[in-house]
file structure.cif (mmCIF, C-alpha atoms)
data_upload
loop_
_atom_site.group_PDB
_atom_site.id
_atom_site.type_symbol
_atom_site.label_atom_id
_atom_site.label_comp_id
_atom_site.auth_asym_id
_atom_site.auth_seq_id
_atom_site.Cartn_x
_atom_site.Cartn_y
_atom_site.Cartn_z
ATOM 1 C CA MET A 11 -140.586 -169.666 -72.672
ATOM 2 C CA THR A 12 -144.343 -170.327 -72.683
ATOM 3 C CA ALA A 13 -144.623 -168.915 -69.150
ATOM 4 C CA PHE A 14 -143.923 -165.373 -70.380
ATOM 5 C CA PRO A 15 -146.880 -163.213 -71.461
ATOM 6 C CA GLU A 16 -146.806 -161.340 -74.732
ATOM 7 C CA PRO A 17 -144.958 -159.317 -75.930
ATOM 8 C CA ALA A 18 -142.179 -160.659 -73.666
ATOM 9 C CA ARG A 19 -142.564 -164.182 -75.085
ATOM 10 C CA THR A 20 -141.925 -163.016 -78.630
ATOM 11 C CA LEU A 21 -138.987 -160.841 -77.579
ATOM 12 C CA TRP A 22 -137.309 -163.626 -75.581
ATOM 13 C CA THR A 23 -137.892 -166.144 -78.374
ATOM 14 C CA ALA A 24 -136.072 -163.866 -80.807
ATOM 15 C CA TYR A 25 -133.350 -163.280 -78.209
ATOM 16 C CA ALA A 26 -132.782 -167.017 -77.696
ATOM 17 C CA ASP A 27 -132.266 -167.449 -81.447
ATOM 18 C CA SER A 28 -129.974 -164.438 -81.767
ATOM 19 C CA ARG A 29 -126.309 -165.044 -82.583
ATOM 20 C CA ARG A 30 -125.346 -161.711 -81.000
ATOM 21 C CA ARG A 31 -126.387 -162.473 -77.422
ATOM 22 C CA PRO A 32 -123.753 -163.591 -74.882
ATOM 23 C CA ARG A 33 -123.515 -167.385 -74.977
ATOM 24 C CA ARG A 34 -124.057 -169.210 -71.707
ATOM 25 C CA ILE A 35 -120.369 -169.941 -71.090
ATOM 26 C CA HIS A 36 -119.525 -166.241 -71.406
ATOM 27 C CA ALA A 37 -122.694 -164.635 -70.009
ATOM 28 C CA LEU A 38 -121.651 -164.583 -66.341
ATOM 29 C CA GLY A 39 -118.370 -162.903 -67.240
ATOM 30 C CA VAL A 40 -120.203 -160.337 -69.352
ATOM 31 C CA GLU A 41 -122.595 -159.576 -66.509
ATOM 32 C CA HIS A 42 -119.709 -159.149 -64.051
ATOM 33 C CA ARG A 43 -117.757 -156.860 -66.396
ATOM 34 C CA GLU A 44 -120.769 -154.634 -66.963
ATOM 35 C CA ALA A 45 -121.332 -154.357 -63.209
ATOM 36 C CA ALA A 46 -117.659 -153.550 -62.581
ATOM 37 C CA LEU A 47 -117.689 -150.800 -65.197
ATOM 38 C CA ARG A 48 -120.774 -149.246 -63.627
ATOM 39 C CA MET A 49 -119.313 -149.304 -60.124
ATOM 40 C CA THR A 50 -115.839 -147.990 -60.998
ATOM 41 C CA GLY A 51 -117.143 -144.753 -62.455
ATOM 42 C CA SER A 52 -117.125 -141.481 -60.563
ATOM 43 C CA PRO A 53 -119.748 -141.277 -59.264
ATOM 44 C CA PRO A 54 -120.637 -144.959 -59.552
ATOM 45 C CA GLU A 55 -123.704 -146.012 -61.505
ATOM 46 C CA VAL A 56 -125.457 -147.808 -58.671
ATOM 47 C CA VAL A 57 -128.474 -148.795 -60.754
ATOM 48 C CA PRO A 58 -128.608 -148.926 -64.569
ATOM 49 C CA GLU A 59 -130.846 -146.361 -66.197
ATOM 50 C CA ARG A 60 -132.620 -149.107 -68.161
ATOM 51 C CA GLU A 61 -133.432 -152.714 -67.456
ATOM 52 C CA SER A 62 -131.141 -155.304 -69.015
ATOM 53 C CA ARG A 63 -132.299 -156.981 -72.199
ATOM 54 C CA ASP A 64 -130.066 -160.005 -71.613
ATOM 55 C CA ALA A 65 -130.869 -163.377 -70.093
ATOM 56 C CA TYR A 66 -129.446 -166.822 -69.405
ATOM 57 C CA VAL A 67 -130.756 -169.332 -71.941
ATOM 58 C CA ARG A 68 -130.954 -173.101 -71.635
ATOM 59 C CA ARG A 69 -132.204 -175.535 -74.279
ATOM 60 C CA LEU A 70 -133.474 -178.904 -73.087
ATOM 61 C CA GLU A 71 -135.025 -181.308 -75.563
ATOM 62 C CA ASP A 72 -137.669 -179.251 -77.414
ATOM 63 C CA MET A 73 -137.985 -176.550 -74.753
ATOM 64 C CA ILE A 74 -136.243 -173.197 -74.355
ATOM 65 C CA TYR A 75 -135.798 -171.815 -70.846
ATOM 66 C CA VAL A 76 -135.023 -168.141 -70.297
ATOM 67 C CA CYS A 77 -133.865 -166.472 -67.088
ATOM 68 C CA PRO A 78 -133.779 -162.655 -67.496
ATOM 69 C CA TRP A 79 -130.856 -160.899 -65.819
ATOM 70 C CA GLU A 80 -133.096 -158.073 -64.529
ATOM 71 C CA THR A 81 -129.974 -156.145 -63.629
ATOM 72 C CA ARG A 82 -131.836 -152.959 -62.755
ATOM 73 C CA LEU A 83 -134.257 -154.638 -60.323
ATOM 74 C CA ARG A 84 -131.497 -156.719 -58.739
ATOM 75 C CA SER A 85 -129.318 -153.611 -58.359
ATOM 76 C CA TRP A 86 -132.123 -151.773 -56.575
ATOM 77 C CA LEU A 87 -132.705 -154.700 -54.246
ATOM 78 C CA ALA A 88 -128.965 -155.048 -53.573
ATOM 79 C CA PHE A 89 -128.645 -151.337 -52.832
ATOM 80 C CA GLU A 90 -131.524 -151.565 -50.359
ATOM 81 C CA ARG A 91 -129.721 -154.384 -48.550
ATOM 82 C CA PHE A 92 -126.476 -152.417 -48.621
ATOM 83 C CA ARG A 93 -128.079 -149.387 -46.974
ATOM 84 C CA HIS A 94 -129.729 -151.505 -44.291
ATOM 85 C CA GLU A 95 -126.546 -153.417 -43.473
ATOM 86 C CA HIS A 96 -124.190 -150.435 -43.176
ATOM 87 C CA ALA A 97 -124.159 -147.269 -41.117
ATOM 88 C CA ALA A 98 -125.087 -144.100 -42.992
ATOM 89 C CA GLY A 99 -121.519 -142.788 -42.821
ATOM 90 C CA VAL A 100 -120.082 -145.984 -44.271
ATOM 91 C CA ALA A 101 -122.670 -146.124 -47.048
ATOM 92 C CA ALA A 102 -121.969 -142.467 -47.912
ATOM 93 C CA ALA A 103 -118.285 -143.291 -48.422
ATOM 94 C CA PHE A 104 -119.273 -145.581 -51.276
ATOM 95 C CA VAL A 105 -122.276 -143.727 -52.708
ATOM 96 C CA PRO A 106 -122.672 -139.940 -52.350
ATOM 97 C CA PRO A 107 -125.890 -139.083 -50.434
ATOM 98 C CA PRO A 108 -127.496 -137.118 -53.327
ATOM 99 C CA LEU A 109 -127.025 -140.135 -55.615
ATOM 100 C CA SER A 110 -128.293 -142.480 -52.923
ATOM 101 C CA GLU A 111 -131.431 -140.383 -52.477
ATOM 102 C CA ARG A 112 -132.083 -140.326 -56.213
ATOM 103 C CA VAL A 113 -131.670 -144.094 -56.518
ATOM 104 C CA THR A 114 -134.019 -144.649 -53.586
ATOM 105 C CA SER A 115 -136.588 -142.232 -55.005
ATOM 106 C CA ASP A 116 -136.510 -143.938 -58.409
ATOM 107 C CA PHE A 117 -137.055 -147.318 -56.774
ATOM 108 C CA GLU A 118 -140.007 -146.057 -54.736
ATOM 109 C CA GLN A 119 -141.562 -144.668 -57.901
ATOM 110 C CA TRP A 120 -140.991 -147.996 -59.646
ATOM 111 C CA LYS A 121 -142.672 -149.845 -56.746
ATOM 112 C CA ARG A 122 -145.689 -147.548 -56.852
ATOM 113 C CA ALA A 123 -146.221 -148.561 -60.470
ATOM 114 C CA GLY A 124 -147.117 -152.024 -59.188
ATOM 115 C CA ARG A 125 -144.162 -153.855 -60.741
ATOM 116 C CA SER A 126 -143.065 -157.240 -59.436
ATOM 117 C CA LEU A 127 -140.294 -157.223 -56.834
ATOM 118 C CA GLN A 128 -139.471 -160.882 -57.414
ATOM 119 C CA PRO A 129 -136.310 -161.278 -59.503
ATOM 120 C CA HIS A 130 -135.614 -164.401 -61.519
ATOM 121 C CA ILE A 131 -132.157 -164.562 -59.884
ATOM 122 C CA LEU A 132 -131.165 -164.552 -56.220
ATOM 123 C CA THR A 133 -127.551 -163.603 -55.542
ATOM 124 C CA SER A 134 -125.316 -164.314 -52.572
ATOM 125 C CA THR A 135 -121.809 -162.924 -52.109
ATOM 126 C CA TRP A 136 -118.821 -164.939 -50.914
ATOM 127 C CA HIS A 137 -120.773 -168.136 -50.145
ATOM 128 C CA VAL A 138 -123.696 -170.345 -51.041
ATOM 129 C CA PRO A 139 -126.386 -170.209 -48.319
ATOM 130 C CA LEU A 140 -127.000 -173.679 -46.896
ATOM 131 C CA ASP A 141 -130.720 -173.594 -47.687
ATOM 132 C CA TRP A 142 -129.889 -173.266 -51.405
ATOM 133 C CA PHE A 143 -128.515 -176.826 -51.390
ATOM 134 C CA VAL A 144 -131.815 -178.354 -50.241
ATOM 135 C CA PRO A 145 -133.702 -178.266 -53.605
ATOM 136 C CA PHE A 146 -131.057 -180.348 -55.411
ATOM 137 C CA ALA A 147 -129.644 -183.887 -55.587
ATOM 138 C CA ARG A 148 -126.044 -184.949 -56.119
ATOM 139 C CA ASN A 149 -126.669 -186.452 -59.575
ATOM 140 C CA GLU A 150 -127.969 -183.075 -60.806
ATOM 141 C CA ARG A 151 -124.463 -181.598 -60.673
ATOM 142 C CA CYS A 152 -122.560 -180.364 -63.714
ATOM 143 C CA LEU A 153 -118.877 -179.649 -62.980
ATOM 144 C CA MET A 154 -116.481 -178.245 -65.565
ATOM 145 C CA LEU A 155 -112.979 -177.427 -64.370
ATOM 146 C CA GLY A 156 -112.028 -175.614 -67.553
ATOM 147 C CA THR A 157 -108.798 -177.470 -68.203
ATOM 148 C CA PRO A 158 -107.446 -175.851 -71.386
ATOM 149 C CA GLY A 159 -108.080 -178.034 -74.403
ATOM 150 C CA THR A 160 -110.314 -180.533 -72.595
ATOM 151 C CA GLY A 161 -113.236 -178.737 -70.973
ATOM 152 C CA TYR A 162 -113.266 -181.544 -68.387
ATOM 153 C CA ARG A 163 -116.785 -182.327 -67.265
ATOM 154 C CA GLU A 164 -118.495 -184.720 -64.890
ATOM 155 C CA ASN A 165 -122.033 -185.544 -63.811
ATOM 156 C CA ASP A 166 -124.002 -184.163 -66.751
ATOM 157 C CA ALA A 167 -127.293 -182.942 -65.335
ATOM 158 C CA THR A 168 -128.717 -181.773 -68.648
ATOM 159 C CA ALA A 169 -127.748 -180.492 -72.065
ATOM 160 C CA GLU A 170 -125.974 -177.263 -71.143
ATOM 161 C CA GLU A 171 -125.867 -174.718 -73.924
ATOM 162 C CA GLN A 172 -122.243 -174.144 -74.848
ATOM 163 C CA GLY A 173 -122.235 -171.310 -77.365
ATOM 164 C CA GLY A 174 -124.392 -173.182 -79.833
ATOM 165 C CA HIS A 175 -125.226 -176.855 -80.113
ATOM 166 C CA GLY A 176 -121.768 -178.397 -80.265
ATOM 167 C CA PRO A 177 -120.233 -180.799 -77.736
ATOM 168 C CA ALA A 178 -119.654 -179.648 -74.178
ATOM 169 C CA THR A 179 -115.912 -180.226 -74.546
ATOM 170 C CA ALA A 180 -115.676 -177.502 -77.172
ATOM 171 C CA ALA A 181 -115.283 -174.715 -74.634
ATOM 172 C CA PRO A 182 -113.153 -174.837 -71.462
ATOM 173 C CA ALA A 183 -115.536 -173.092 -69.075
ATOM 174 C CA ARG A 184 -115.039 -173.331 -65.314
ATOM 175 C CA THR A 185 -118.437 -173.835 -63.743
ATOM 176 C CA LEU A 186 -120.304 -175.769 -61.095
ATOM 177 C CA ILE A 187 -124.055 -175.858 -61.630
ATOM 178 C CA TYR A 188 -126.921 -177.925 -60.264
ATOM 179 C CA VAL A 189 -130.143 -178.108 -62.289
ATOM 180 C CA THR A 190 -133.477 -179.605 -61.274
ATOM 181 C CA SER A 191 -137.141 -179.274 -62.140
ATOM 182 C CA MET A 192 -139.315 -176.818 -60.264
ATOM 183 C CA GLY A 193 -141.470 -179.710 -59.079
ATOM 184 C CA GLU A 194 -138.507 -181.549 -57.533
ATOM 185 C CA ALA A 195 -137.174 -178.356 -55.937
ATOM 186 C CA ARG A 196 -140.507 -177.594 -54.265
ATOM 187 C CA ARG A 197 -140.994 -181.217 -53.160
ATOM 188 C CA ARG A 198 -137.575 -181.397 -51.511
ATOM 189 C CA ILE A 199 -138.071 -178.123 -49.652
ATOM 190 C CA ALA A 200 -141.544 -179.180 -48.502
ATOM 191 C CA ALA A 201 -140.106 -182.443 -47.171
ATOM 192 C CA ALA A 202 -137.201 -180.707 -45.427
ATOM 193 C CA LEU A 203 -139.207 -177.907 -43.770
ATOM 194 C CA PRO A 204 -140.813 -179.859 -40.894
ATOM 195 C CA VAL A 205 -137.552 -181.697 -40.214
ATOM 196 C CA VAL A 206 -135.538 -178.476 -40.069
ATOM 197 C CA ARG A 207 -138.171 -176.690 -37.971
ATOM 198 C CA GLU A 208 -138.211 -179.484 -35.413
ATOM 199 C CA ASN A 209 -134.428 -179.811 -35.169
ATOM 200 C CA LEU A 210 -133.075 -176.318 -35.897
ATOM 201 C CA GLY A 211 -136.039 -173.976 -35.420
ATOM 202 C CA ASP A 212 -136.877 -170.912 -37.428
ATOM 203 C CA GLY A 213 -133.578 -169.354 -36.401
ATOM 204 C CA ALA A 214 -132.316 -165.821 -36.903
ATOM 205 C CA GLY A 215 -128.653 -166.450 -36.153
ATOM 206 C CA GLU A 216 -125.768 -166.392 -38.589
ATOM 207 C CA VAL A 217 -127.055 -165.731 -42.079
ATOM 208 C CA TYR A 218 -125.387 -168.766 -43.628
ATOM 209 C CA LEU A 219 -126.836 -171.315 -41.179
ATOM 210 C CA LEU A 220 -129.804 -173.476 -42.098
ATOM 211 C CA SER A 221 -133.200 -172.598 -40.614
ATOM 212 C CA ALA A 222 -136.869 -173.165 -41.355
ATOM 213 C CA GLY A 223 -137.357 -169.429 -41.797
ATOM 214 C CA ARG A 224 -134.824 -169.247 -44.611
ATOM 215 C CA LEU A 225 -136.234 -172.373 -46.242
ATOM 216 C CA GLU A 226 -139.719 -170.837 -46.154
ATOM 217 C CA THR A 227 -138.392 -167.680 -47.810
ATOM 218 C CA LEU A 228 -136.819 -169.801 -50.544
ATOM 219 C CA ALA A 229 -140.038 -171.779 -50.972
ATOM 220 C CA ARG A 230 -142.064 -168.567 -51.384
ATOM 221 C CA TRP A 231 -139.641 -167.331 -54.037
ATOM 222 C CA LEU A 232 -139.864 -170.590 -56.008
ATOM 223 C CA GLY A 233 -143.637 -170.513 -55.630
ATOM 224 C CA GLY A 234 -143.805 -167.403 -57.785
ATOM 225 C CA PHE A 235 -142.645 -169.196 -60.943
ATOM 226 C CA ASP A 236 -144.211 -171.505 -63.478
ATOM 227 C CA PRO A 237 -144.342 -175.133 -62.215
ATOM 228 C CA ARG A 238 -142.752 -176.289 -65.505
ATOM 229 C CA ALA A 239 -139.662 -174.145 -64.931
ATOM 230 C CA LEU A 240 -136.156 -175.312 -64.100
ATOM 231 C CA VAL A 241 -134.167 -174.249 -61.043
ATOM 232 C CA GLU A 242 -130.414 -173.746 -61.178
ATOM 233 C CA LEU A 243 -127.797 -173.317 -58.476
ATOM 234 C CA ASP A 244 -124.773 -171.702 -60.131
ATOM 235 C CA TYR A 245 -121.589 -171.262 -58.103
ATOM 236 C CA GLY A 246 -120.785 -168.306 -60.361
ATOM 237 C CA GLY A 247 -117.544 -166.524 -59.555
ATOM 238 C CA LEU A 248 -116.952 -168.679 -56.472
ATOM 239 C CA VAL A 249 -115.403 -171.336 -58.722
ATOM 240 C CA HIS A 250 -112.383 -169.036 -59.146
ATOM 241 C CA LEU A 251 -111.790 -168.959 -55.378
ATOM 242 C CA LEU A 252 -111.510 -172.756 -55.170
ATOM 243 C CA ASP A 253 -108.799 -174.931 -56.718
ATOM 244 C CA ASP A 254 -109.611 -178.005 -58.817
ATOM 245 C CA ARG A 255 -109.283 -180.487 -55.970
ATOM 246 C CA THR A 256 -111.498 -178.428 -53.643
ATOM 247 C CA LEU A 257 -114.118 -177.892 -56.321
ATOM 248 C CA SER A 258 -114.172 -181.570 -57.307
ATOM 249 C CA ALA A 259 -114.503 -182.605 -53.655
ATOM 250 C CA ASP A 260 -117.363 -180.165 -52.993
ATOM 251 C CA GLU A 261 -120.270 -182.434 -52.068
ATOM 252 C CA SER A 262 -122.355 -179.792 -50.332
ATOM 253 C CA VAL A 263 -125.647 -180.924 -51.858
ATOM 254 C CA ALA A 264 -125.030 -184.578 -50.961
ATOM 255 C CA GLU A 265 -123.908 -183.634 -47.440
ATOM 256 C CA MET A 266 -127.031 -181.549 -46.932
ATOM 257 C CA ALA A 267 -129.209 -184.462 -48.041
ATOM 258 C CA VAL A 268 -127.451 -186.817 -45.596
ATOM 259 C CA ALA A 269 -127.744 -184.240 -42.782
ATOM 260 C CA LEU A 270 -131.495 -183.925 -43.394
ATOM 261 C CA THR A 271 -131.885 -187.714 -43.466
ATOM 262 C CA GLY A 272 -129.971 -187.928 -40.191
ATOM 263 C CA MET A 273 -132.231 -185.328 -38.596
ATOM 264 C CA GLU A 274 -135.345 -187.172 -39.761
ATOM 265 C CA ARG A 275 -134.108 -190.505 -38.353
ATOM 266 C CA GLY A 276 -132.817 -189.023 -35.134
ATOM 267 C CA GLU A 277 -129.211 -189.952 -35.960
ATOM 268 C CA ALA A 278 -127.556 -187.046 -34.188
ATOM 269 C CA ALA A 279 -123.948 -188.110 -34.792
ATOM 270 C CA LEU A 280 -124.477 -188.360 -38.569
ATOM 271 C CA THR A 281 -126.317 -185.049 -38.712
ATOM 272 C CA VAL A 282 -123.651 -183.212 -36.736
ATOM 273 C CA ALA A 283 -120.843 -184.719 -38.819
ATOM 274 C CA MET A 284 -122.403 -183.604 -42.116
ATOM 275 C CA TYR A 285 -123.330 -180.176 -40.787
ATOM 276 C CA LYS A 286 -119.800 -179.630 -39.523
ATOM 277 C CA ARG A 287 -118.405 -180.580 -42.927
ATOM 278 C CA LEU A 288 -120.640 -178.002 -44.584
ATOM 279 C CA LEU A 289 -119.633 -175.251 -42.173
ATOM 280 C CA ALA A 290 -115.950 -176.182 -42.407
ATOM 281 C CA ARG A 291 -116.118 -175.802 -46.184
ATOM 282 C CA TRP A 292 -118.045 -172.533 -46.377
ATOM 283 C CA ARG A 293 -116.899 -170.504 -43.377
ATOM 284 C CA PRO A 294 -113.355 -169.997 -44.773
ATOM 285 C CA VAL A 295 -114.794 -168.964 -48.148
ATOM 286 C CA ARG A 296 -117.145 -166.456 -46.538
ATOM 287 C CA ALA A 297 -114.307 -165.134 -44.353
ATOM 288 C CA ARG A 298 -112.600 -163.797 -47.469
ATOM 289 C CA GLU A 299 -115.179 -161.018 -47.549
ATOM 290 C CA THR A 300 -113.313 -159.294 -44.696
ATOM 291 C CA ALA A 301 -109.801 -160.353 -45.698
ATOM 292 C CA ASN A 302 -107.245 -157.587 -46.216
#

call {"tool": "encode", "arguments": {"input": "structure.cif", "output": "structure tokens"}}
result
Amino acid sequence: MTAFPEPARTLWTAYADSRRRPRRIHALGVEHREAALRMTGSPPEVVPERESRDAYVRRLEDMIYVCPWETRLRSWLAFERFRHEHAAGVAAAFVPPPLSERVTSDFEQWKRAGRSLQPHILTSTWHVPLDWFVPFARNERCLMLGTPGTGYRENDATAEEQGGHGPATAAPARTLIYVTSMGEARRRIAAALPVVRENLGDGAGEVYLLSAGRLETLARWLGGFDPRALVELDYGGLVHLLDDRTLSADESVAEMAVALTGMERGEAALTVAMYKRLLARWRPVRARETAN
């Protein structure tokens, strides 16, 4: 909280104490529902007219951490990617050209005002990019399978806010989250970068493969935040694509750590085995994007 300048600090402090804000276990669902309502209109509301006043909140010991949703900024950035990744005719089938031009014009005007283009949240669809596993360690995992009546949980990384200050078992959320300090995240990326560059190169191949270039991009993003911050990897809606056994067996962070250790020691067989396990897990998930 102390990283925010005034008046944002005062506003977010009041927000964190508010009983009316979406609690952490429900916030992701609320964000998804709002996005779905915007996109199912005719014409769709590609970018909200106003920036979101909501955020993810985490309490740890005597500190409050706030991660603003920044839905408007993230929508602009996502729409830019959408236009670059699809032919004009395909994009027009989803968003009428006059609306597209207005959204683009509004974003250009917003940029000219000198606002930051760095969101507090990076989003990936249908998979977790391999470089996102690098900043974390296996014991920083928090898994809740959401079994009705139990809220089954393992590997508590930190005191997750669960709609107040009650026990974690009070709410059967289905989540998989890794949490680490900003210092640890930056240290792990810095250690991995030379190893990845030497063994895999900067790489511009498939977007979900590991490369030094993607790690550098992630490092630059993390470098824009307060060194006392926390970093979270939240599987988000992906947890609903995976059954309990698959989710419990997901050791992507640990496998990435072993793969990096293998690269550093020149143990090719170990590195290849771990890398293949990662790809075997995530390629089928990503393939659902084009499933009929």

call {"tool": "axis_aligned_box", "arguments": {"input": "structure.cif", "around": "stretch 249-267 of chain A", "padding_each_side": "3 Å", "output": "AutoDock Vina command-line options"}}
result
--center_x -119.0 --center_y -176.8 --center_z -53.0 --size_x 26.4 --size_y 21.6 --size_z 18.2

call {"tool": "resolve_selection", "arguments": {"input": "structure.cif", "expression": "the PyMOL selection byres ((chain A and resi 185) around 7)", "output": "PDB file with C-alpha atoms, in the frame of the given file"}}
result
ATOM      1  CA  LEU A 153    -118.877-179.649 -62.980  1.00  0.00           C
ATOM      2  CA  MET A 154    -116.481-178.245 -65.565  1.00  0.00           C
ATOM      3  CA  LEU A 155    -112.979-177.427 -64.370  1.00  0.00           C
ATOM      4  CA  ALA A 183    -115.536-173.092 -69.075  1.00  0.00           C
ATOM      5  CA  ARG A 184    -115.039-173.331 -65.314  1.00  0.00           C
ATOM      6  CA  LEU A 186    -120.304-175.769 -61.095  1.00  0.00           C
ATOM      7  CA  ILE A 187    -124.055-175.858 -61.630  1.00  0.00           C
ATOM      8  CA  TYR A 245    -121.589-171.262 -58.103  1.00  0.00           C
ATOM      9  CA  GLY A 246    -120.785-168.306 -60.361  1.00  0.00           C
ATOM     10  CA  VAL A 249    -115.403-171.336 -58.722  1.00  0.00           C
TER      11      VAL A 249
END

call {"tool": "closest_residue", "arguments": {"input": "structure.cif", "among": "A:Met266, A:Ala97, A:Leu132, A:Met192", "to": "A:Asp236", "atoms": "only C-alpha atoms"}}
result
A:Met192

call {"tool": "closest_residue", "arguments": {"input": "structure.cif", "among": "A:Arg151, A:Arg19, A:Arg207, A:Arg112", "to": "A:Thr190", "atoms": "only C-alpha atoms"}}
result
A:Arg151

call {"tool": "closest_residue", "arguments": {"input": "structure.cif", "among": "A:Leu240, A:Ala283, A:Ala123, A:Val206", "to": "A:Arg68", "atoms": "only C-alpha atoms"}}
result
A:Leu240

call {"tool": "atom_distance", "arguments": {"input": "structure.cif", "atom1": "atom CA of A:Ser110", "atom2": "atom CA of A:Pro53"}}
result
10.7 Å

call {"tool": "resolve_selection", "arguments": {"input": "structure.cif", "expression": "the PyMOL selection byres ((chain A and resi 146) around 12)", "output": "VMD selection string"}}
result
chain A and resid 140 to 145 147 to 152 167 187 to 199 202 240 to 244 261 to 267

call {"tool": "resolve_selection", "arguments": {"input": "structure.cif", "expression": "the PyMOL selection byres ((chain A and resi 296-298) around 12)", "output": "MDAnalysis selection string"}}
result
chainID A and resid 134:139 216:218 248 251:252 289:295 299:302

call {"tool": "write_last_selection", "arguments": {"input": "structure.cif", "atoms": "C-alpha atoms", "output": "mmCIF file, in the coordinates of the input"}}
result
data_model
loop_
_atom_site.group_PDB
_atom_site.id
_atom_site.type_symbol
_atom_site.label_atom_id
_atom_site.label_comp_id
_atom_site.auth_asym_id
_atom_site.auth_seq_id
_atom_site.Cartn_x
_atom_site.Cartn_y
_atom_site.Cartn_z
ATOM 1 C CA SER A 134 -125.316 -164.314 -52.572
ATOM 2 C CA THR A 135 -121.809 -162.924 -52.109
ATOM 3 C CA TRP A 136 -118.821 -164.939 -50.914
ATOM 4 C CA HIS A 137 -120.773 -168.136 -50.145
ATOM 5 C CA VAL A 138 -123.696 -170.345 -51.041
ATOM 6 C CA PRO A 139 -126.386 -170.209 -48.319
ATOM 7 C CA GLU A 216 -125.768 -166.392 -38.589
ATOM 8 C CA VAL A 217 -127.055 -165.731 -42.079
ATOM 9 C CA TYR A 218 -125.387 -168.766 -43.628
ATOM 10 C CA LEU A 248 -116.952 -168.679 -56.472
ATOM 11 C CA LEU A 251 -111.790 -168.959 -55.378
ATOM 12 C CA LEU A 252 -111.510 -172.756 -55.170
ATOM 13 C CA LEU A 289 -119.633 -175.251 -42.173
ATOM 14 C CA ALA A 290 -115.950 -176.182 -42.407
ATOM 15 C CA ARG A 291 -116.118 -175.802 -46.184
ATOM 16 C CA TRP A 292 -118.045 -172.533 -46.377
ATOM 17 C CA ARG A 293 -116.899 -170.504 -43.377
ATOM 18 C CA PRO A 294 -113.355 -169.997 -44.773
ATOM 19 C CA VAL A 295 -114.794 -168.964 -48.148
ATOM 20 C CA GLU A 299 -115.179 -161.018 -47.549
ATOM 21 C CA THR A 300 -113.313 -159.294 -44.696
ATOM 22 C CA ALA A 301 -109.801 -160.353 -45.698
ATOM 23 C CA ASN A 302 -107.245 -157.587 -46.216
#

call {"tool": "atom_distance", "arguments": {"input": "structure.cif", "atom1": "atom CA of A:Thr256", "atom2": "atom CA of A:Val268"}}
result
19.7 Å

call {"tool": "residues_around", "arguments": {"input": "structure.cif", "residues": "A:Leu225", "least_positions_apart": "2", "cutoff": "7 Å", "atoms": "all atoms listed in the file", "output": "list in words"}}
result
Asp141, Ile199, Leu203, Ser221, Ala222, Gly223, Thr227, Leu228 and Ala229 of chain A

call {"tool": "atom_distance", "arguments": {"input": "structure.cif", "atom1": "atom CA of A:Glu80", "atom2": "atom CA of A:Ser62"}}
result
5.6 Å

call {"tool": "residues_around", "arguments": {"input": "structure.cif", "residues": "A:Cys77", "least_positions_apart": "4", "cutoff": "7 Å", "atoms": "all atoms listed in the file", "output": "list in words"}}
result
Ala65, Tyr66, Val67 and His130 of chain A

call {"tool": "closest_residue", "arguments": {"input": "structure.cif", "among": "A:Lys121, A:Arg224, A:Arg230, A:Arg34", "to": "A:Asp64", "atoms": "all atoms listed in the file"}}
result
A:Arg34

call {"tool": "closest_residue", "arguments": {"input": "structure.cif", "among": "A:Pro58, A:Gly156, A:Gly234, A:Pro78", "to": "A:Gln128", "atoms": "only C-alpha atoms"}}
result
A:Gly234

call {"tool": "closest_residue", "arguments": {"input": "structure.cif", "among": "A:Glu59, A:Thr81, A:Pro129, A:Gly99", "to": "A:Asp116", "atoms": "all atoms listed in the file"}}
result
A:Glu59

call {"tool": "residues_near_point", "arguments": {"input": "structure.cif", "point": "(-125.2, -180.8, -40.8)", "cutoff": "9 Å", "atoms": "only C-alpha atoms", "output": "VMD selection string"}}
result
chain A and resid 220 265 to 266 268 to 270 272 to 273 280 to 289
